[in-house]
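Engineer: Enclosed is the structure file model32.cif (mmCIF, C-alpha atoms).
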data_final
#
loop_
_atom_site.label_atom_id
_atom_site.label_comp_id
_atom_site.auth_asym_id
_atom_site.auth_seq_id
_atom_site.Cartn_x
_atom_site.Cartn_y
_atom_site.Cartn_z
CA MET A 1 21.99 17.77 -5.34
CA PRO A 2 18.93 16.50 -3.46
CA ALA A 3 17.50 13.13 -4.49
CA ALA A 4 15.41 13.27 -7.68
CA ILE A 5 12.39 11.37 -6.41
CA ARG A 6 10.01 9.94 -9.00
CA LYS A 7 7.75 8.08 -6.59
CA LEU A 8 7.30 7.80 -2.86
CA ILE A 9 5.40 4.80 -1.51
CA VAL A 10 4.37 4.07 2.07
CA GLN A 11 2.83 0.78 3.21
CA VAL A 12 1.53 -0.39 6.57
CA ASP A 13 1.00 -4.09 7.25
CA GLU A 14 -1.10 -4.78 10.36
CA THR A 15 -1.62 -8.34 11.65
CA ARG A 16 -4.65 -8.89 13.87
CA ILE A 17 -4.92 -12.68 13.78
CA GLU A 18 -2.16 -15.24 13.22
CA MET A 19 -2.84 -18.97 13.12
CA GLY A 20 -6.30 -18.33 14.56
CA LYS A 21 -5.01 -16.41 17.58
CA ALA A 22 -5.94 -12.78 18.17
CA ILE A 23 -2.95 -10.40 18.21
CA ASP A 24 -3.85 -7.56 20.56
CA PRO A 25 -2.55 -5.00 20.02
CA PRO A 26 -1.91 -5.93 16.38
CA THR A 27 1.67 -6.07 15.14
CA ARG A 28 2.43 -3.32 12.63
CA ARG A 29 5.23 -2.81 10.16
CA ALA A 30 5.64 0.30 8.01
CA LEU A 31 7.64 0.39 4.79
CA ALA A 32 8.61 3.59 2.97
CA MET A 33 10.23 3.47 -0.45
CA ALA A 34 11.66 6.18 -2.68
CA VAL A 35 12.27 5.63 -6.38
CA ILE A 36 15.15 7.92 -7.28
CA ALA A 37 17.31 8.72 -10.28
CA ASN A 38 20.79 7.20 -10.01
CA PRO A 39 23.22 10.08 -10.76
CA CYS A 40 26.05 7.60 -11.28
CA ALA A 41 24.29 5.20 -13.67
CA GLY A 42 25.91 4.05 -16.88
CA ARG A 43 29.56 4.65 -16.07
CA TYR A 44 32.18 4.00 -13.42
CA VAL A 45 32.25 6.84 -10.89
CA GLU A 46 35.08 6.73 -8.39
CA ASN A 47 33.74 9.18 -5.83
CA LEU A 48 30.26 8.32 -4.54
CA ASP A 49 29.72 11.36 -2.29
CA GLU A 50 26.60 12.37 -4.19
CA LEU A 51 24.94 9.04 -3.38
CA ILE A 52 26.14 9.22 0.21
CA ALA A 53 24.39 12.59 0.57
CA ILE A 54 21.23 11.13 -0.96
CA GLY A 55 21.36 8.35 1.62
CA GLU A 56 21.50 10.90 4.41
CA GLU A 57 18.50 12.76 2.97
CA LEU A 58 16.46 9.58 2.52
CA GLY A 59 17.25 8.18 5.97
CA GLY A 60 15.36 11.06 7.54
CA LEU A 61 12.61 11.29 4.92
CA LEU A 62 11.77 7.59 4.82
CA GLY A 63 12.22 7.07 8.57
CA ASP A 64 9.82 9.94 9.30
CA LYS A 65 7.31 8.62 6.74
CA CYS A 66 7.27 5.22 8.48
CA VAL A 67 6.81 6.68 11.95
CA GLN A 68 4.04 8.98 10.68
CA ALA A 69 2.28 6.09 8.96
CA LEU A 70 2.34 4.09 12.20
CA GLY A 71 0.99 7.13 14.04
CA ILE A 72 3.36 6.60 16.96
CA ALA A 73 5.76 8.70 18.98
CA PRO A 74 9.30 8.10 17.64
CA GLY A 75 10.35 6.39 20.87
CA LYS A 76 7.66 3.72 20.37
CA ALA A 77 9.41 2.29 17.31
CA GLN A 78 10.82 -1.16 18.05
CA SER A 79 12.67 -2.51 15.04
CA TYR A 80 14.07 -1.31 11.74
CA GLY A 81 15.80 -2.27 8.54
CA LYS A 82 16.90 -0.84 5.17
CA ALA A 83 17.49 -2.00 1.63
CA ALA A 84 18.17 -0.83 -1.91
CA ILE A 85 17.54 -2.23 -5.38
CA VAL A 86 19.90 -0.82 -8.01
CA GLY A 87 18.68 -0.66 -11.62
CA GLU A 88 20.58 -2.41 -14.37
CA ALA A 89 22.75 0.57 -15.37
CA GLY A 90 23.99 1.03 -11.81
CA GLU A 91 26.55 -0.68 -9.64
CA LEU A 92 25.99 -2.61 -6.43
CA GLU A 93 28.36 -0.20 -4.72
CA HIS A 94 25.83 2.59 -5.41
CA ALA A 95 23.44 0.85 -3.03
CA ALA A 96 26.22 0.61 -0.48
CA ALA A 97 26.91 4.35 -0.81
CA ILE A 98 23.29 5.18 -0.10
CA LEU A 99 22.77 2.70 2.71
CA HIS A 100 25.90 2.54 4.79
CA PRO A 101 27.80 5.80 5.38
CA LYS A 102 25.08 8.31 6.33
CA LEU A 103 21.55 6.92 6.11
CA GLY A 104 21.63 5.59 9.66
CA ALA A 105 22.01 8.78 11.72
CA PRO A 106 18.84 10.54 10.50
CA LEU A 107 16.93 7.23 10.62
CA ARG A 108 17.97 6.78 14.24
CA LYS A 109 16.80 10.31 14.95
CA ALA A 110 13.42 9.45 13.42
CA VAL A 111 13.01 6.45 15.76
CA GLU A 112 14.86 7.90 18.78
CA LYS A 113 18.04 6.17 19.92
CA GLY A 114 18.69 3.15 17.71
CA ALA A 115 21.74 1.73 19.40
CA ALA A 116 21.72 -1.37 17.18
CA LEU A 117 23.05 -1.86 13.68
CA VAL A 118 20.40 -1.24 11.03
CA PRO A 119 20.22 -4.59 9.19
CA SER A 120 20.32 -4.26 5.42
CA ALA A 121 20.06 -5.98 2.06
CA LYS A 122 20.93 -4.90 -1.48
CA LYS A 123 20.75 -6.27 -4.99
CA HIS A 124 20.58 -5.47 -8.66
CA GLY A 125 17.09 -5.65 -10.12
CA GLY A 126 14.60 -4.72 -12.77
CA LEU A 127 10.99 -3.59 -12.74
CA GLY A 128 9.07 -5.20 -9.90
CA THR A 129 12.08 -6.91 -8.34
CA ALA A 130 11.28 -7.74 -4.70
CA ILE A 131 13.75 -7.39 -1.86
CA ASP A 132 13.27 -8.74 1.66
CA VAL A 133 14.23 -5.97 4.07
CA PRO A 134 15.76 -7.59 7.17
CA LEU A 135 14.49 -6.34 10.51
CA GLY A 136 16.12 -6.25 13.93
CA HIS A 137 15.36 -4.60 17.27
CA LYS A 138 16.55 -0.98 17.10
CA ASP A 139 18.41 -0.97 20.41
CA ALA A 140 19.53 -4.58 20.90
CA ALA A 141 20.28 -6.71 17.86
CA PHE A 142 19.98 -10.00 19.75
CA VAL A 143 16.31 -9.60 20.68
CA ARG A 144 15.04 -12.76 19.02
CA SER A 145 11.34 -11.85 18.90
CA HIS A 146 12.14 -8.99 16.51
CA PHE A 147 14.15 -10.89 13.87
CA ASP A 148 11.93 -10.56 10.83
CA ALA A 149 11.78 -9.29 7.26
CA MET A 150 9.34 -7.32 5.13
CA GLU A 151 9.09 -7.62 1.39
CA ALA A 152 9.54 -4.41 -0.63
CA ARG A 153 8.68 -4.08 -4.28
CA VAL A 154 7.66 -1.35 -6.74
CA PRO A 155 5.90 -2.67 -9.86
CA ASP A 156 7.41 -0.11 -12.27
CA ALA A 157 10.84 0.34 -10.72
CA PRO A 158 13.78 0.39 -10.76
CA ARG A 159 14.28 1.48 -14.35
CA ALA A 160 17.88 0.95 -15.48
CA ASN A 161 18.90 4.42 -14.29
CA GLU A 162 17.03 4.31 -10.99
CA ILE A 163 17.45 3.03 -7.44
CA VAL A 164 14.68 1.91 -5.08
CA VAL A 165 15.56 2.78 -1.50
CA ALA A 166 13.49 1.17 1.27
CA VAL A 167 13.27 1.71 5.02
CA VAL A 168 11.09 -0.34 7.40
CA VAL A 169 10.11 0.67 10.94
CA THR A 170 7.85 -1.41 13.20
CA ASP A 171 6.14 -0.90 16.54
CA SER A 172 6.27 -4.62 17.34
CA GLY A 173 8.02 -7.94 16.82
CA ARG A 174 6.64 -11.06 15.11
CA PRO A 175 2.96 -11.78 15.90
CA LEU A 176 3.47 -14.91 18.04
CA PRO A 177 7.14 -15.07 19.09
CA ARG A 178 7.94 -18.19 21.09
CA VAL A 179 11.40 -19.41 20.21
CA GLY A 180 13.14 -18.03 23.28
CA GLY A 181 16.31 -15.98 23.24
CA LEU A 182 16.79 -12.46 24.58
CA GLN A 183 13.47 -10.77 25.31
CA ALA A 184 12.86 -7.10 24.52
CA HIS A 185 12.16 -6.29 28.18
CA GLU A 186 15.46 -7.89 29.22
CA ALA A 187 17.55 -5.88 26.77
CA LYS A 188 19.71 -3.07 28.13
CA GLY A 189 20.00 -1.40 24.74
CA GLU A 190 23.34 0.20 25.46
CA ASP A 191 25.84 -1.65 23.31
CA GLY A 192 23.41 -2.23 20.46
CA LEU A 193 23.60 -5.97 20.91
CA ARG A 194 21.86 -7.02 24.18
CA MET B 195 -18.53 -14.79 9.75
CA VAL B 196 -16.15 -11.87 9.23
CA GLU B 197 -12.70 -12.33 10.71
CA ILE B 198 -10.07 -9.82 9.63
CA ARG B 199 -6.56 -11.17 9.91
CA ARG B 200 -4.46 -8.42 8.39
CA ILE B 201 -4.88 -4.91 7.10
CA PHE B 202 -2.45 -3.63 4.51
CA THR B 203 -2.36 -0.01 3.35
CA GLN B 204 -0.26 1.70 0.73
CA VAL B 205 -0.05 5.35 -0.29
CA GLU B 206 2.16 6.52 -3.14
CA ASP B 207 3.03 9.93 -4.52
CA ILE B 208 3.93 10.08 -8.19
CA HIS B 209 6.05 13.14 -8.91
CA HIS B 210 6.77 12.41 -12.57
CA GLU B 211 7.17 9.61 -15.04
CA PHE B 212 10.19 11.00 -16.92
CA GLY B 213 8.25 14.10 -18.00
CA PRO B 214 7.63 17.49 -16.34
CA LEU B 215 7.54 17.44 -12.55
CA ALA B 216 3.90 17.55 -11.36
CA ALA B 217 3.01 20.73 -9.44
CA THR B 218 0.94 18.50 -7.14
CA PRO B 219 2.01 14.86 -7.18
CA GLN B 220 -0.69 12.32 -7.98
CA ARG B 221 -1.47 10.42 -4.78
CA ARG B 222 -2.81 6.89 -5.09
CA GLY B 223 -3.90 4.82 -2.12
CA VAL B 224 -4.82 1.20 -1.57
CA ILE B 225 -6.22 -0.69 1.37
CA ALA B 226 -6.41 -4.49 1.47
CA ALA B 227 -8.08 -6.51 4.22
CA VAL B 228 -7.09 -10.15 4.60
CA LEU B 229 -10.11 -12.13 5.85
CA SER B 230 -10.68 -15.77 6.61
CA ASN B 231 -12.95 -17.32 3.97
CA PRO B 232 -15.86 -19.04 5.75
CA PHE B 233 -16.73 -20.94 2.55
CA ALA B 234 -13.25 -22.32 1.81
CA GLY B 235 -12.99 -25.96 0.83
CA ARG B 236 -16.61 -26.62 -0.16
CA TYR B 237 -19.42 -25.45 -2.42
CA GLU B 238 -21.79 -23.27 -0.41
CA PRO B 239 -24.98 -22.39 -2.33
CA ASP B 240 -26.05 -19.46 -0.12
CA ILE B 241 -23.23 -16.99 0.32
CA LEU B 242 -25.30 -13.80 0.49
CA PRO B 243 -25.28 -13.48 4.31
CA MET B 244 -21.56 -12.72 3.98
CA MET B 245 -22.34 -9.75 1.74
CA ASP B 246 -24.39 -8.14 4.52
CA ALA B 247 -21.73 -8.97 7.08
CA LEU B 248 -19.16 -7.15 4.92
CA GLN B 249 -21.03 -3.83 4.87
CA PRO B 250 -19.32 -2.40 8.00
CA VAL B 251 -15.97 -3.74 6.77
CA GLY B 252 -16.38 -1.73 3.56
CA ILE B 253 -17.29 1.46 5.41
CA ASP B 254 -14.37 1.09 7.82
CA MET B 255 -11.91 0.36 5.01
CA ALA B 256 -13.06 3.32 2.91
CA GLN B 257 -12.62 5.65 5.87
CA ARG B 258 -9.24 4.16 6.78
CA LEU B 259 -8.04 4.54 3.22
CA GLN B 260 -9.03 8.19 3.07
CA ARG B 261 -7.28 8.81 6.41
CA ALA B 262 -4.14 7.05 5.22
CA MET B 263 -4.14 9.20 2.08
CA GLY B 264 -4.42 12.31 4.25
CA VAL B 265 -6.65 14.22 1.83
CA GLY B 266 -10.24 15.48 1.98
CA VAL B 267 -12.96 13.58 0.11
CA GLU B 268 -13.13 16.45 -2.41
CA ARG B 269 -9.61 15.53 -3.58
CA ILE B 270 -10.53 11.94 -4.51
CA GLU B 271 -11.08 11.79 -8.28
CA SER B 272 -10.91 8.11 -9.18
CA TYR B 273 -11.51 4.75 -7.61
CA GLY B 274 -11.48 0.98 -8.07
CA LYS B 275 -11.80 -2.25 -6.14
CA GLY B 276 -10.73 -5.85 -6.29
CA ALA B 277 -10.56 -9.24 -4.63
CA ILE B 278 -8.06 -12.08 -4.49
CA ILE B 279 -9.45 -15.43 -3.40
CA GLY B 280 -7.18 -18.04 -1.80
CA ALA B 281 -6.78 -21.40 -3.49
CA ALA B 282 -9.42 -23.22 -1.40
CA GLY B 283 -12.05 -20.67 -2.39
CA GLU B 284 -14.15 -19.85 -5.42
CA LEU B 285 -14.13 -16.83 -7.73
CA GLU B 286 -17.73 -16.13 -6.72
CA HIS B 287 -16.59 -15.49 -3.14
CA GLY B 288 -14.69 -12.47 -4.45
CA ALA B 289 -17.90 -11.15 -6.01
CA LEU B 290 -19.28 -10.65 -2.49
CA TRP B 291 -17.17 -7.50 -2.36
CA HIS B 292 -18.94 -5.56 -5.13
CA VAL B 293 -21.72 -4.05 -3.05
CA PRO B 294 -20.05 -3.58 0.37
CA GLY B 295 -16.80 -2.26 -1.11
CA GLY B 296 -18.17 -0.18 -3.94
CA TYR B 297 -21.02 1.54 -2.17
CA ALA B 298 -18.94 2.23 0.95
CA MET B 299 -16.51 4.24 -1.19
CA ARG B 300 -19.28 5.92 -3.17
CA GLU B 301 -21.13 6.98 -0.03
CA LEU B 302 -17.93 8.30 1.52
CA LEU B 303 -17.41 10.46 -1.56
CA GLY B 304 -20.93 11.88 -1.63
CA TRP B 305 -23.16 9.46 -3.50
CA LYS B 306 -26.86 9.93 -2.69
CA GLY B 307 -28.37 6.75 -4.17
CA ASP B 308 -30.17 3.87 -2.48
CA ARG B 309 -27.59 1.25 -1.56
CA ASP B 310 -30.20 -1.44 -0.82
CA ALA B 311 -31.86 -0.98 -4.18
CA TYR B 312 -28.52 -1.31 -5.92
CA ALA B 313 -27.61 -4.35 -3.83
CA GLN B 314 -30.73 -6.04 -5.20
CA GLY B 315 -29.86 -5.08 -8.74
CA ARG B 316 -32.38 -2.25 -8.94
CA GLY B 317 -31.53 1.44 -9.06
CA GLY B 318 -31.33 4.15 -11.64
CA ALA B 319 -32.43 7.04 -9.45
CA ASP B 320 -29.24 8.79 -10.49
CA ALA B 321 -30.37 9.14 -14.08
CA ALA B 322 -33.67 10.80 -13.15
CA ALA B 323 -31.95 13.22 -10.81
CA ALA B 324 -29.34 13.93 -13.46
CA ALA B 325 -31.81 15.90 -15.54
CA LYS B 326 -31.59 18.63 -12.90
CA GLY B 327 -27.79 18.79 -12.87
CA GLN B 328 -25.17 16.98 -10.84
CA PRO B 329 -27.12 14.76 -8.41
CA GLY B 330 -24.23 14.10 -6.08
CA ASN B 331 -20.76 12.71 -6.31
CA ALA B 332 -19.34 9.27 -7.11
CA LEU B 333 -21.89 8.67 -9.85
CA ALA B 334 -19.79 6.23 -11.83
CA ILE B 335 -19.59 2.49 -11.40
CA VAL B 336 -16.54 1.37 -9.41
CA PRO B 337 -14.40 -0.72 -11.78
CA SER B 338 -13.06 -3.99 -10.46
CA THR B 339 -10.97 -7.09 -10.99
CA LYS B 340 -10.87 -10.39 -9.16
CA LYS B 341 -9.00 -13.66 -9.33
CA VAL B 342 -8.10 -16.81 -7.45
CA GLY B 343 -4.44 -16.62 -6.49
CA PRO B 344 -1.59 -17.83 -4.28
CA PRO B 345 0.02 -15.89 -1.41
CA GLY B 346 1.59 -12.72 -2.79
CA ALA B 347 -0.49 -12.78 -5.98
CA ALA B 348 -0.56 -9.39 -7.72
CA LEU B 349 -3.88 -7.92 -8.80
CA ASP B 350 -4.14 -4.96 -11.16
CA VAL B 351 -6.98 -2.89 -9.76
CA PRO B 352 -8.52 -0.58 -12.38
CA LEU B 353 -9.18 3.07 -11.59
CA THR B 354 -11.70 5.34 -13.32
CA HIS B 355 -13.17 8.79 -12.66
CA ILE B 356 -15.71 8.83 -9.82
CA ASN B 357 -18.34 10.81 -11.75
CA ALA B 358 -17.98 9.76 -15.37
CA ALA B 359 -16.46 6.46 -16.39
CA TYR B 360 -15.42 7.77 -19.82
CA VAL B 361 -13.03 10.45 -18.55
CA ARG B 362 -9.94 9.31 -20.40
CA SER B 363 -7.28 11.03 -18.29
CA HIS B 364 -8.31 8.98 -15.27
CA PHE B 365 -8.19 5.48 -16.80
CA ASP B 366 -5.48 3.85 -14.75
CA ALA B 367 -4.65 0.76 -12.72
CA ILE B 368 -2.66 0.08 -9.61
CA GLU B 369 -0.94 -3.19 -8.84
CA VAL B 370 -1.82 -4.53 -5.41
CA ARG B 371 -0.04 -7.35 -3.72
CA VAL B 372 0.01 -8.41 -0.07
CA PRO B 373 3.11 -10.52 0.63
CA GLY B 374 2.02 -13.76 2.30
CA ALA B 375 -1.69 -13.45 1.48
CA PRO B 376 -4.09 -14.92 0.62
CA LEU B 377 -3.46 -18.28 2.25
CA PRO B 378 -5.74 -20.97 0.76
CA ASP B 379 -8.56 -20.25 3.21
CA GLU B 380 -8.34 -16.46 2.98
CA LEU B 381 -9.78 -13.61 0.95
CA VAL B 382 -8.12 -10.29 0.17
CA PHE B 383 -10.61 -7.46 -0.36
CA ILE B 384 -9.19 -4.27 -1.86
CA LEU B 385 -10.24 -0.63 -2.27
CA ALA B 386 -8.22 1.92 -4.26
CA MET B 387 -8.53 5.68 -4.71
CA SER B 388 -6.51 8.39 -6.45
CA THR B 389 -6.38 12.17 -6.36
CA GLY B 390 -6.22 12.68 -10.08
CA ALA B 391 -5.35 11.88 -13.64
CA ARG B 392 -2.31 9.93 -14.83
CA VAL B 393 0.68 12.13 -14.14
CA HIS B 394 1.33 13.00 -17.81
CA ALA B 395 -2.16 12.35 -19.25
CA ARG B 396 -2.27 13.58 -22.86
CA VAL B 397 -4.30 11.28 -25.11
CA GLY B 398 -7.41 13.43 -25.44
CA GLY B 399 -10.96 12.14 -24.91
CA LEU B 400 -13.53 13.35 -22.42
CA LYS B 401 -12.03 15.71 -19.84
CA ALA B 402 -13.19 15.81 -16.23
CA ALA B 403 -14.04 19.50 -16.72
CA ASP B 404 -16.43 18.59 -19.55
CA ILE B 405 -18.63 16.10 -17.68
CA ALA B 406 -22.18 17.20 -18.54
CA GLN B 407 -24.61 14.30 -18.54
CA TRP B 408 -24.13 13.31 -14.86
CA ASN B 409 -25.17 9.76 -15.61
CA GLY B 410 -21.99 8.12 -14.35
CA LEU B 411 -20.69 7.74 -17.89
CA ARG B 412 -20.12 11.19 -19.48
#
Would you mind giving the structure from this file in structure tokens?

Structural biologist:
Amino acid sequence: MPAAIRKLIVQVDETRIEMGKAIDPPTRRALAMAVIANPCAGRYVENLDELIAIGEELGGLLGDKCVQALGIAPGKAQSYGKAAIVGEAGELEHAAAILHPKLGAPLRKAVEKGAALVPSAKKHGGLGTAIDVPLGHKDAAFVRSHFDAMEARVPDAPRANEIVVAVVVTDSGRPLPRVGGLQAHEAKGEDGLR
Amino acid sequence: MVEIRRIFTQVEDIHHEFGPLAATPQRRGVIAAVLSNPFAGRYEPDILPMMDALQPVGIDMAQRLQRAMGVGVERIESYGKGAIIGAAGELEHGALWHVPGGYAMRELLGWKGDRDAYAQGRGGADAAAAAKGQPGNALAIVPSTKKVGPPGAALDVPLTHINAAYVRSHFDAIEVRVPGAPLPDELVFILAMSTGARVHARVGGLKAADIAQWNGLR
């Protein structure tokens, strides 16, 4: 069963000036969210394969939406993250089923490569619950300039029987990174860490 | 005078709201520009120069919003606008957005009126032209909300039909919120557009197909 999508929301947040300093080119972060029916809501379901398949479908859909919204070639994506908010009649493990087993592969295809872990967050929530989607460099998790987060929130979701699934893709790090650590241009991007 | 710090866009497709699946999902779009507020922290009697300075910002934002929505102007059926003023500013600073934001969207959608006349509080050419039939598009006033708020404040931006404010199926609102903005010395100026009626509109009233007076109301 494909995901029953009630709403699809795409945001782009572009920063041109930070603390009075021009950011050129601007930093840009794209967030795509799907509000879906939770097929396992309201009862204990042992086998979560249906949600795992939905995660695989949404990894590609939401990853592509982000890259399209940024208007970049997939290889120009720099960092990513994912998150889910499970409505009150669902179980935290439902978010895990969507996010962890199969969402990553199609997302990595959408951004090309993606050697690094996709950082994630999950929680239970009600209408308008916000979740901070953690962000990390897509090929080298230790790149310090790209540690960030983007807030995701849908005013009328999740209903009790719904799940909000969010993916963020950026074409940049923080606007004015200057706290040292591994730099993006120094990263090898082979082991996903450095 | 105009310094844009961030631009935030959002496009959403509404497939259903627990009723029949829409053949074409309703698409609603929002663009919010985060600007520094040149009047923050003091009472400035003459703020009108900022209104002129915002004219190109409005035009650029309206065009960007339409591009982000990925639809032709003929698909845009409702609109709205709003402003959130950071804590060191004044509600009146948000009112600077009425003319540059509203008329930029109306002109994009095919309005033929005299923007300068409207900016000065004159106008009414629409009504005279209306006697001869539809005088253009985007005849209706652009509904709006504004408030002073903290970073991440949510503003419900009203939406109404672009040609007749009384079209009941198109009364709607979209919640807009830019995480982290406005800081105390910032302004958030917002435009919103939608491709159609509420997804399961069914409470009667004037229908878009029955607009006849072409006066922006009915």

Engineer: Once the PyMOL selection byres ((chain B) within 6 of (chain A)) is applied to the coordinates I shared, what remains selected? I want it as a PyMOL selection string.

Structural biologist: chain B and resi 199-210

Engineer: List as number ranges by chain the protein and nucleic acid residues near Asn38 in chain A, meaning an atom at most 6 Å away when all atoms listed in the file are counted, but skip any in the same chain fewer than 3 places from it.

Structural biologist: A: 41, 161-163

Engineer: Identify the residues within 12 Å of coordinate (29.8, -1.6, -0.8) (same frame as the file), considering all atoms listed in the file, and give the answer as a ChimeraX atom specification.

Structural biologist: /A:48,51-52,84,91-101,120-123

Engineer: If we count only C-alpha atoms, what is near Ala391 in chain B at a cut-off of 10 Å, once residues fewer than 6 positions away on the same chain are taken out, given as a list in words?

Structural biologist: Gln220, Arg221, Glu271, Ser272, Leu353, Thr354, His355, Val361, Arg362, Ser363, His364, Phe365, Asp366, Lys401 and Ala402 of chain B

Engineer: Quick one, how far is CA of Gly288 in chain B from CA of Met245 in chain B?

Structural biologist: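 It comes out at 10.2 Å.
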
Engineer: Output, as JSON, the centre and edge lengths in Å (one decimal) of the axis-aligned box that contains all listed atoms of range 255-273 of chain B with 6 Å of margin on each side.

Structural biologist:
{"center_x": -8.6, "center_y": 8.4, "center_z": -1.2, "size_x": 21.0, "size_y": 28.1, "size_z": 28.0}

Engineer: Within 7 Å of Tyr360 in chain B, counting all atoms listed in the file, which residues qualify if same-chain residues fewer than 4 places away don't, as a PyMOL selection string?

Structural biologist: chain B and resi 400+411-412

Engineer: Residues within 8 Å of (-6.3, -5.7, -11.6), file coordinates, counting all atoms listed in the file: what are they? Give the list as a PyMOL selection string.

Structural biologist: chain B and resi 276+338-340+348-352+367-370

Engineer: What does the distance between CA of Glu50 in chain A and CA of Pro2 in chain A come to in Å, to one decimal place?

Structural biologist: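 Separation of CA of Glu50 in chain A and CA of Pro2 in chain A: 8.7 Å.
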
Engineer: Looking at B:Gly399, B:Gly296, B:Gly283, B:Pro250, which one is nearest to Val336 in chain B, with distances taken over all atoms listed in the file?

Structural biologist: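 Among B:Gly399, B:Gly296, B:Gly283, B:Pro250, it is B:Gly296 that comes nearest to Val336 in chain B.
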
Engineer: If you count all atoms listed in the file, which residues fall within 10 Å of range 304-313 of chain B, apart from same-chain ones fewer than 4 positions away, as a list in words?

Structural biologist: Met245, Asp246, Val267, Glu268, His292, Val293, Pro294, Gly296, Tyr297, Ala298, Met299, Arg300, Gly317, Gly318, Ala319, Asp320, Ala323, Pro329, Gly330, Asn331, Ala332, Leu333, Ala334, Ile356 and Asn357 of chain B

Engineer: Residues of the last selection are to be written out with C-alpha atoms, as a short mmCIF file (atom, residue, chain, number, x, y, z; two decimals), keeping the file's coordinate frame.

Structural biologist:
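Result file is selection_29.cif:
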data_model
loop_
_atom_site.label_atom_id
_atom_site.label_comp_id
_atom_site.auth_asym_id
_atom_site.auth_seq_id
_atom_site.Cartn_x
_atom_site.Cartn_y
_atom_site.Cartn_z
CA MET B 245 -22.34 -9.75 1.74
CA ASP B 246 -24.39 -8.14 4.52
CA VAL B 267 -12.96 13.58 0.11
CA GLU B 268 -13.13 16.45 -2.41
CA HIS B 292 -18.94 -5.56 -5.13
CA VAL B 293 -21.72 -4.05 -3.05
CA PRO B 294 -20.05 -3.58 0.37
CA GLY B 296 -18.17 -0.18 -3.94
CA TYR B 297 -21.02 1.54 -2.17
CA ALA B 298 -18.94 2.23 0.95
CA MET B 299 -16.51 4.24 -1.19
CA ARG B 300 -19.28 5.92 -3.17
CA GLY B 317 -31.53 1.44 -9.06
CA GLY B 318 -31.33 4.15 -11.64
CA ALA B 319 -32.43 7.04 -9.45
CA ASP B 320 -29.24 8.79 -10.49
CA ALA B 323 -31.95 13.22 -10.81
CA PRO B 329 -27.12 14.76 -8.41
CA GLY B 330 -24.23 14.10 -6.08
CA ASN B 331 -20.76 12.71 -6.31
CA ALA B 332 -19.34 9.27 -7.11
CA LEU B 333 -21.89 8.67 -9.85
CA ALA B 334 -19.79 6.23 -11.83
CA ILE B 356 -15.71 8.83 -9.82
CA ASN B 357 -18.34 10.81 -11.75
#

Engineer: Could you check which of A:Ala160, A:Asp148, A:Gly60, A:Pro25 is closest to Pro39 in chain A, using only C-alpha atoms?

Structural biologist: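 Among A:Ala160, A:Asp148, A:Gly60, A:Pro25, it is A:Ala160 that comes nearest to Pro39 in chain A.
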
Engineer: Under the PyMOL selection byres ((chain A and resi 168) around 9), which residues of this model are included? Write them out as a list in words.

Structural biologist: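 Checking the PyMOL selection byres ((chain A and resi 168) around 9) against this file, the residues are Arg29, Ala30, Leu31, Ala32, Met33, Leu62, Gly63, Cys66, Ser79, Tyr80, Gly81, Lys82, Ala83, Val133, Pro134, Leu135, Ala149, Met150, Ala166, Val167, Val169 and Thr170 of chain A.
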
Engineer: So how far away is CA of Asp24 in chain A from CA of Asp139 in chain A, in Å?

Structural biologist: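 Computing it gives 23.2 Å between the two atoms.
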
Engineer: Measuring atom to atom with only C-alpha atoms, identify which of A:Arg159, A:Lys138, A:Arg43, A:His124 is nearest to Glu190 in chain A.

Structural biologist: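 So, comparing all the options, the nearest one is A:Lys138.
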
Engineer: Quick one: which residues end up in the PyMOL selection byres ((chain B and resi 374) around 6) for this structure, as a list in words?

Structural biologist: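 Applying the PyMOL selection byres ((chain B and resi 374) around 6) to the structure shown produces Pro345, Gly346, Pro373 and Ala375 of chain B.
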
Engineer: May I have the residues within 8 Å of Ser230 in chain B as a ChimeraX atom specification, using all atoms listed in the file and disregarding those fewer than 6 positions away in the same chain?

Structural biologist: /B:196-199,379-381

Engineer: My list of candidates is A:Gly125, A:Gly189, A:Gly136, A:Gly104. Which is closest to Leu58 in chain A when distances are computed with all atoms listed in the file?

Structural biologist: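 Nearest to Leu58 in chain A: A:Gly104.
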